[in-house]
Amino acid sequence: MIHIQAIKAFQDNYIWLLSESGSQQCLVVDPGEADVVEKAMKSLNLALSGVLITHHHWDHTNGIQALTKDRNIPVYGPDNAEISGITYPLNGTETLTVLGTEFNILKTPGHTLDHIAYFANPDQDDPILFCGDTLFSAGCGRLFEGTAEQMLSSLNKLRSLPKNTRVYCAHEYTLANLAFARAVEPANPSIKEYRNKVIQLREQGRPSLPSSLELEFTINPFLRIDQHSVITAVKEHAPCTVLSNDAEVFGALRHWKDQF
Ligand SMILES: [Zn+2]
């Protein structure tokens, strides 16, 4: 069975630490910092056996060099020469077995063009998804490199995963995202209920993550662009914008959030 712990980094990043019952081996996802990873592994008596990277941004990759300096371990990540230290470049079609678990690699361009996500459906537990900066709880990544069409198609790919998938995002943005979700759908009771729960968790210094796809379907406006309430809110916010298809609704919603 895989155990997953959050290591806090920088202001609001999470580096996810994966370990397996009965083993001292562990993996980290998106180590933007090495020191915090070393400290966590030391306190848990774990040894690093590999690194997974979702995209090229520095706050997800800066720890690679220090973590691999004295370790001969695989670093999996996008096939992008800009990221130094990747030893197994992935193009988004592979399956990968690490820590005794098979992960499917999903190509998820939009936030960046090289973005990939890692999905596993272990026998004894709910499925898990490491989606970097593509999907956040109650939100989604900014479009730094890709188009609205690309991001929407990436999110649709994630949407099609089993609804009990546990979603491990790379940032603690949930409360800020919920403020926007509430502005889009003020009458959605699930947003209010979830917000109260997240406020409590954050007051206790606990992560709001992982989320689940099932929950995101009820509260995340970016996964709800087919809902009448969301389309109406986007139309009211940007009355002059043409909204003739899902990508245009998504693009207008993302643009609204960028200025929120
Ligand atoms: Zn990023």
# chains A, B, ... in the order shown; residues from 1 in each chain; ligands from 1
$ select_by_dssp --residues "segment 9-237 of chain A" --states "helix (DSSP H, G or I)" --output "ChimeraX atom specification"
/A:35-44,58-61,64-68,148-159,174-184,189-203,213-219,221-223,228-237
$ residues_near_ligand --ligand "ligand 1" --cutoff "12 Å" --atoms "only C-alpha atoms and all ligand atoms" --output "ChimeraX atom specification"
/A:13,30,32,53-61,109-116,131-136,140-145,169-171
$ residues_around --residues "Asp123 of chain A" --least-positions-apart "5" --cutoff "12 Å" --atoms "only C-alpha atoms" --output "list in words"
Met1, Ile2, Gly100, Thr101, Glu102 and Ile128 of chain A
$ closest_atom_pairs --of "segment 140-161 of chain A" --to "segment 239-260 of chain A" --cutoff "8 Å" --atoms "only C-alpha atoms" --output "CSV"
residue,atom,partner,partner_atom,distance
A:Arg142,CA,A:Arg254,CA,7.5
A:Ala148,CA,A:Gly251,CA,5.1
A:Glu149,CA,A:Ala247,CA,5.2
A:Leu152,CA,A:Ala247,CA,6.5
$ closest_residue --among "A:Thr108, A:Gln25, A:Ser49, A:Ser137" --to "Tyr168 of chain A" --atoms "only C-alpha atoms"
A:Ser137
$ residues_around --residues "Ser229 of chain A" --least-positions-apart "2" --cutoff "8 Å" --atoms "only C-alpha atoms" --output "list in words"
Val184, Glu185, Gln227, Ile231, Thr232 and Ala233 of chain A
$ write_last_selection --atoms "N, CA and C atoms" --output "short mmCIF file (atom, residue, chain, number, x, y, z; two decimals), in the first residue's frame"
data_model
loop_
_atom_site.label_atom_id
_atom_site.label_comp_id
_atom_site.auth_asym_id
_atom_site.auth_seq_id
_atom_site.Cartn_x
_atom_site.Cartn_y
_atom_site.Cartn_z
N VAL A 184 -18.60 32.85 -8.95
CA VAL A 184 -19.20 32.29 -10.16
C VAL A 184 -20.54 31.65 -9.84
N GLU A 185 -20.59 30.90 -8.75
CA GLU A 185 -21.82 30.17 -8.39
C GLU A 185 -22.22 30.46 -6.94
N GLN A 227 -22.37 23.53 -16.96
CA GLN A 227 -23.51 23.82 -16.09
C GLN A 227 -24.12 25.18 -16.44
N ILE A 231 -22.26 28.92 -17.08
CA ILE A 231 -22.34 29.61 -18.39
C ILE A 231 -23.02 30.97 -18.22
N THR A 232 -24.11 31.01 -17.44
CA THR A 232 -24.82 32.27 -17.21
C THR A 232 -23.92 33.30 -16.52
N ALA A 233 -23.15 32.84 -15.53
CA ALA A 233 -22.27 33.77 -14.80
C ALA A 233 -21.19 34.32 -15.73
#
$ closest_residue --among "A:Val75, A:Leu90, A:Leu213, A:Ala34" --to "Leu52 of chain A" --atoms "only C-alpha atoms"
A:Val75
$ atom_distance --atom1 "atom CA of Gly139 of chain A" --atom2 "atom CA of Ser153 of chain A"
15.3 Å
$ select_by_dssp --residues "segment 9-236 of chain A" --states "strand (DSSP E)" --output "PDB file with N, CA and C atoms, in the first residue's frame"
ATOM      1  N   ALA A   9       6.719  23.423   0.760  1.00  0.00           N
ATOM      2  CA  ALA A   9       7.883  24.119   0.205  1.00  0.00           C
ATOM      3  C   ALA A   9       7.467  25.518  -0.206  1.00  0.00           C
ATOM      4  N   ASN A  13       3.713  25.654  -2.064  1.00  0.00           N
ATOM      5  CA  ASN A  13       3.896  24.407  -2.843  1.00  0.00           C
ATOM      6  C   ASN A  13       3.797  23.185  -1.941  1.00  0.00           C
ATOM      7  N   TYR A  14       3.343  22.074  -2.521  1.00  0.00           N
ATOM      8  CA  TYR A  14       3.462  20.772  -1.866  1.00  0.00           C
ATOM      9  C   TYR A  14       4.334  19.868  -2.725  1.00  0.00           C
ATOM     10  N   ILE A  15       5.322  19.252  -2.063  1.00  0.00           N
ATOM     11  CA  ILE A  15       6.098  18.194  -2.701  1.00  0.00           C
ATOM     12  C   ILE A  15       5.514  16.913  -2.116  1.00  0.00           C
ATOM     13  N   TRP A  16       4.963  16.039  -2.968  1.00  0.00           N
ATOM     14  CA  TRP A  16       4.335  14.823  -2.448  1.00  0.00           C
ATOM     15  C   TRP A  16       5.378  13.730  -2.295  1.00  0.00           C
ATOM     16  N   LEU A  17       5.377  13.113  -1.105  1.00  0.00           N
ATOM     17  CA  LEU A  17       6.331  12.048  -0.778  1.00  0.00           C
ATOM     18  C   LEU A  17       5.574  10.728  -0.746  1.00  0.00           C
ATOM     19  N   LEU A  18       5.981   9.799  -1.587  1.00  0.00           N
ATOM     20  CA  LEU A  18       5.294   8.496  -1.687  1.00  0.00           C
ATOM     21  C   LEU A  18       6.191   7.417  -1.116  1.00  0.00           C
ATOM     22  N   SER A  19       5.617   6.587  -0.240  1.00  0.00           N
ATOM     23  CA  SER A  19       6.375   5.453   0.267  1.00  0.00           C
ATOM     24  C   SER A  19       5.454   4.238   0.295  1.00  0.00           C
ATOM     25  N   GLU A  20       6.063   3.086   0.440  1.00  0.00           N
ATOM     26  CA  GLU A  20       5.304   1.843   0.342  1.00  0.00           C
ATOM     27  C   GLU A  20       5.368   1.136   1.690  1.00  0.00           C
ATOM     28  N   GLN A  25      11.892   2.622   0.862  1.00  0.00           N
ATOM     29  CA  GLN A  25      12.079   3.404  -0.360  1.00  0.00           C
ATOM     30  C   GLN A  25      10.982   4.461  -0.499  1.00  0.00           C
ATOM     31  N   CYS A  26      11.348   5.588  -1.091  1.00  0.00           N
ATOM     32  CA  CYS A  26      10.329   6.607  -1.348  1.00  0.00           C
ATOM     33  C   CYS A  26      10.606   7.333  -2.652  1.00  0.00           C
ATOM     34  N   LEU A  27       9.571   8.048  -3.106  1.00  0.00           N
ATOM     35  CA  LEU A  27       9.647   8.876  -4.314  1.00  0.00           C
ATOM     36  C   LEU A  27       9.170  10.258  -3.935  1.00  0.00           C
ATOM     37  N   VAL A  28       9.618  11.267  -4.666  1.00  0.00           N
ATOM     38  CA  VAL A  28       9.009  12.585  -4.481  1.00  0.00           C
ATOM     39  C   VAL A  28       8.521  13.110  -5.825  1.00  0.00           C
ATOM     40  N   VAL A  29       7.449  13.887  -5.749  1.00  0.00           N
ATOM     41  CA  VAL A  29       6.888  14.505  -6.946  1.00  0.00           C
ATOM     42  C   VAL A  29       7.177  16.005  -6.890  1.00  0.00           C
ATOM     43  N   ALA A  47      14.586   6.287   2.209  1.00  0.00           N
ATOM     44  CA  ALA A  47      15.652   6.529   1.234  1.00  0.00           C
ATOM     45  C   ALA A  47      15.036   6.830  -0.130  1.00  0.00           C
ATOM     46  N   LEU A  48      15.559   7.841  -0.786  1.00  0.00           N
ATOM     47  CA  LEU A  48      14.973   8.266  -2.060  1.00  0.00           C
ATOM     48  C   LEU A  48      15.320   7.290  -3.177  1.00  0.00           C
ATOM     49  N   SER A  49      14.283   6.809  -3.880  1.00  0.00           N
ATOM     50  CA  SER A  49      14.567   5.884  -4.975  1.00  0.00           C
ATOM     51  C   SER A  49      14.130   6.427  -6.334  1.00  0.00           C
ATOM     52  N   GLY A  50      13.602   7.649  -6.368  1.00  0.00           N
ATOM     53  CA  GLY A  50      13.247   8.221  -7.666  1.00  0.00           C
ATOM     54  C   GLY A  50      12.510   9.538  -7.519  1.00  0.00           C
ATOM     55  N   VAL A  51      12.435  10.272  -8.617  1.00  0.00           N
ATOM     56  CA  VAL A  51      11.793  11.587  -8.639  1.00  0.00           C
ATOM     57  C   VAL A  51      10.837  11.632  -9.831  1.00  0.00           C
ATOM     58  N   LEU A  52       9.643  12.191  -9.611  1.00  0.00           N
ATOM     59  CA  LEU A  52       8.690  12.408 -10.700  1.00  0.00           C
ATOM     60  C   LEU A  52       8.509  13.914 -10.892  1.00  0.00           C
ATOM     61  N   VAL A  75      15.160   9.963 -12.610  1.00  0.00           N
ATOM     62  CA  VAL A  75      14.325  11.168 -12.555  1.00  0.00           C
ATOM     63  C   VAL A  75      13.426  11.131 -13.790  1.00  0.00           C
ATOM     64  N   TYR A  76      12.126  10.920 -13.552  1.00  0.00           N
ATOM     65  CA  TYR A  76      11.155  10.842 -14.640  1.00  0.00           C
ATOM     66  C   TYR A  76      10.533  12.222 -14.837  1.00  0.00           C
ATOM     67  N   GLY A  77      10.301  12.580 -16.079  1.00  0.00           N
ATOM     68  CA  GLY A  77       9.670  13.881 -16.312  1.00  0.00           C
ATOM     69  C   GLY A  77       9.447  14.111 -17.782  1.00  0.00           C
ATOM     70  N   PRO A  78       8.901  15.299 -18.123  1.00  0.00           N
ATOM     71  CA  PRO A  78       8.593  15.588 -19.520  1.00  0.00           C
ATOM     72  C   PRO A  78       9.845  15.551 -20.394  1.00  0.00           C
ATOM     73  N   TYR A  88      14.770   9.874 -17.437  1.00  0.00           N
ATOM     74  CA  TYR A  88      13.775   9.127 -18.200  1.00  0.00           C
ATOM     75  C   TYR A  88      12.742  10.087 -18.772  1.00  0.00           C
ATOM     76  N   PRO A  89      13.008  10.645 -19.967  1.00  0.00           N
ATOM     77  CA  PRO A  89      12.035  11.561 -20.557  1.00  0.00           C
ATOM     78  C   PRO A  89      10.772  10.815 -20.962  1.00  0.00           C
ATOM     79  N   LEU A  90       9.618  11.412 -20.652  1.00  0.00           N
ATOM     80  CA  LEU A  90       8.330  10.770 -20.915  1.00  0.00           C
ATOM     81  C   LEU A  90       7.547  11.613 -21.919  1.00  0.00           C
ATOM     82  N   THR A  95       3.516   3.758 -19.538  1.00  0.00           N
ATOM     83  CA  THR A  95       3.190   3.356 -18.173  1.00  0.00           C
ATOM     84  C   THR A  95       4.519   3.087 -17.489  1.00  0.00           C
ATOM     85  N   LEU A  96       4.527   3.308 -16.190  1.00  0.00           N
ATOM     86  CA  LEU A  96       5.765   3.333 -15.438  1.00  0.00           C
ATOM     87  C   LEU A  96       5.519   2.566 -14.150  1.00  0.00           C
ATOM     88  N   THR A  97       6.394   1.616 -13.796  1.00  0.00           N
ATOM     89  CA  THR A  97       6.182   0.944 -12.515  1.00  0.00           C
ATOM     90  C   THR A  97       7.231   1.409 -11.517  1.00  0.00           C
ATOM     91  N   VAL A  98       6.764   2.106 -10.486  1.00  0.00           N
ATOM     92  CA  VAL A  98       7.656   2.582  -9.422  1.00  0.00           C
ATOM     93  C   VAL A  98       7.003   2.259  -8.082  1.00  0.00           C
ATOM     94  N   THR A 101       4.033   0.077  -8.014  1.00  0.00           N
ATOM     95  CA  THR A 101       2.737   0.565  -8.490  1.00  0.00           C
ATOM     96  C   THR A 101       2.877   1.033  -9.936  1.00  0.00           C
ATOM     97  N   GLU A 102       1.877   0.693 -10.745  1.00  0.00           N
ATOM     98  CA  GLU A 102       1.925   1.110 -12.138  1.00  0.00           C
ATOM     99  C   GLU A 102       1.250   2.471 -12.311  1.00  0.00           C
ATOM    100  N   PHE A 103       1.985   3.408 -12.890  1.00  0.00           N
ATOM    101  CA  PHE A 103       1.446   4.746 -13.165  1.00  0.00           C
ATOM    102  C   PHE A 103       1.249   4.922 -14.663  1.00  0.00           C
ATOM    103  N   ASN A 104       0.110   5.495 -15.042  1.00  0.00           N
ATOM    104  CA  ASN A 104      -0.080   5.917 -16.437  1.00  0.00           C
ATOM    105  C   ASN A 104       0.355   7.367 -16.541  1.00  0.00           C
ATOM    106  N   ILE A 105       1.087   7.683 -17.584  1.00  0.00           N
ATOM    107  CA  ILE A 105       1.499   9.063 -17.821  1.00  0.00           C
ATOM    108  C   ILE A 105       0.462   9.701 -18.751  1.00  0.00           C
ATOM    109  N   LEU A 106      -0.022  10.868 -18.353  1.00  0.00           N
ATOM    110  CA  LEU A 106      -1.032  11.567 -19.156  1.00  0.00           C
ATOM    111  C   LEU A 106      -0.452  12.897 -19.616  1.00  0.00           C
ATOM    112  N   LYS A 107      -0.588  13.180 -20.875  1.00  0.00           N
ATOM    113  CA  LYS A 107      -0.119  14.456 -21.417  1.00  0.00           C
ATOM    114  C   LYS A 107      -1.172  15.513 -21.083  1.00  0.00           C
ATOM    115  N   ILE A 116       2.860  17.020 -17.812  1.00  0.00           N
ATOM    116  CA  ILE A 116       2.318  15.659 -17.768  1.00  0.00           C
ATOM    117  C   ILE A 116       1.767  15.398 -16.359  1.00  0.00           C
ATOM    118  N   ALA A 117       0.915  14.386 -16.239  1.00  0.00           N
ATOM    119  CA  ALA A 117       0.370  14.002 -14.928  1.00  0.00           C
ATOM    120  C   ALA A 117       0.594  12.499 -14.743  1.00  0.00           C
ATOM    121  N   TYR A 118       0.572  12.075 -13.490  1.00  0.00           N
ATOM    122  CA  TYR A 118       0.828  10.672 -13.144  1.00  0.00           C
ATOM    123  C   TYR A 118      -0.419  10.108 -12.465  1.00  0.00           C
ATOM    124  N   PHE A 119      -0.950   9.029 -13.028  1.00  0.00           N
ATOM    125  CA  PHE A 119      -2.173   8.428 -12.491  1.00  0.00           C
ATOM    126  C   PHE A 119      -1.926   6.951 -12.184  1.00  0.00           C
ATOM    127  N   ALA A 120      -2.379   6.506 -11.013  1.00  0.00           N
ATOM    128  CA  ALA A 120      -2.271   5.080 -10.681  1.00  0.00           C
ATOM    129  C   ALA A 120      -3.574   4.612 -10.061  1.00  0.00           C
ATOM    130  N   ILE A 128      -4.996   7.348  -7.565  1.00  0.00           N
ATOM    131  CA  ILE A 128      -4.287   8.577  -7.185  1.00  0.00           C
ATOM    132  C   ILE A 128      -3.822   9.309  -8.439  1.00  0.00           C
ATOM    133  N   LEU A 129      -3.845  10.637  -8.339  1.00  0.00           N
ATOM    134  CA  LEU A 129      -3.443  11.477  -9.471  1.00  0.00           C
ATOM    135  C   LEU A 129      -2.520  12.591  -8.984  1.00  0.00           C
ATOM    136  N   PHE A 130      -1.359  12.695  -9.607  1.00  0.00           N
ATOM    137  CA  PHE A 130      -0.452  13.822  -9.348  1.00  0.00           C
ATOM    138  C   PHE A 130      -0.525  14.714 -10.573  1.00  0.00           C
ATOM    139  N   CYS A 131      -1.220  15.840 -10.407  1.00  0.00           N
ATOM    140  CA  CYS A 131      -1.558  16.643 -11.591  1.00  0.00           C
ATOM    141  C   CYS A 131      -0.822  17.969 -11.633  1.00  0.00           C
ATOM    142  N   GLY A 132       0.203  18.142 -10.780  1.00  0.00           N
ATOM    143  CA  GLY A 132       1.047  19.339 -10.858  1.00  0.00           C
ATOM    144  C   GLY A 132       0.236  20.613 -10.811  1.00  0.00           C
ATOM    145  N   LEU A 135      -4.643  20.837 -12.583  1.00  0.00           N
ATOM    146  CA  LEU A 135      -5.902  20.934 -11.836  1.00  0.00           C
ATOM    147  C   LEU A 135      -5.576  21.278 -10.390  1.00  0.00           C
ATOM    148  N   PHE A 136      -6.254  22.296  -9.857  1.00  0.00           N
ATOM    149  CA  PHE A 136      -6.165  22.602  -8.428  1.00  0.00           C
ATOM    150  C   PHE A 136      -7.524  22.352  -7.805  1.00  0.00           C
ATOM    151  N   GLY A 139      -9.998  24.987  -8.736  1.00  0.00           N
ATOM    152  CA  GLY A 139      -9.426  25.845  -9.776  1.00  0.00           C
ATOM    153  C   GLY A 139      -8.612  25.049 -10.776  1.00  0.00           C
ATOM    154  N   CYS A 140      -7.884  25.776 -11.623  1.00  0.00           N
ATOM    155  CA  CYS A 140      -6.964  25.117 -12.555  1.00  0.00           C
ATOM    156  C   CYS A 140      -5.780  26.046 -12.777  1.00  0.00           C
ATOM    157  N   ARG A 166      -8.141  10.274  -5.962  1.00  0.00           N
ATOM    158  CA  ARG A 166      -7.634  11.285  -5.030  1.00  0.00           C
ATOM    159  C   ARG A 166      -6.702  12.215  -5.805  1.00  0.00           C
ATOM    160  N   VAL A 167      -6.949  13.514  -5.671  1.00  0.00           N
ATOM    161  CA  VAL A 167      -6.253  14.486  -6.511  1.00  0.00           C
ATOM    162  C   VAL A 167      -5.189  15.225  -5.686  1.00  0.00           C
ATOM    163  N   TYR A 168      -3.925  14.985  -6.044  1.00  0.00           N
ATOM    164  CA  TYR A 168      -2.801  15.612  -5.349  1.00  0.00           C
ATOM    165  C   TYR A 168      -2.254  16.740  -6.216  1.00  0.00           C
ATOM    166  N   CYS A 169      -2.675  17.969  -5.911  1.00  0.00           N
ATOM    167  CA  CYS A 169      -2.241  19.140  -6.672  1.00  0.00           C
ATOM    168  C   CYS A 169      -0.938  19.655  -6.066  1.00  0.00           C
ATOM    169  N   SER A 211      -7.761  16.360  -2.794  1.00  0.00           N
ATOM    170  CA  SER A 211      -9.182  16.471  -3.069  1.00  0.00           C
ATOM    171  C   SER A 211      -9.615  15.172  -3.764  1.00  0.00           C
ATOM    172  N   SER A 212     -10.832  15.124  -4.249  1.00  0.00           N
ATOM    173  CA  SER A 212     -11.237  13.970  -5.060  1.00  0.00           C
ATOM    174  C   SER A 212     -11.937  14.514  -6.299  1.00  0.00           C
TER     175      SER A 212
END
$ closest_residue --among "A:Lys39, A:Val230, A:Asp79, A:Gln150" --to "Leu67 of chain A" --atoms "only C-alpha atoms"
A:Lys39
$ closest_residue --among "A:Glu216, A:Val198, A:Leu99, A:Val37" --to "Asn62 of chain A" --atoms "only C-alpha atoms"
A:Val37
$ closest_residue --among "A:Ile7, A:Leu215, A:Ile83, A:Val234" --to "Glu193 of chain A" --atoms "only C-alpha atoms"
A:Leu215
$ closest_residue --among "A:Ser23, A:Asn164, A:Gln65, A:Gln124" --to "Asp35 of chain A" --atoms "only C-alpha atoms"
A:Gln65
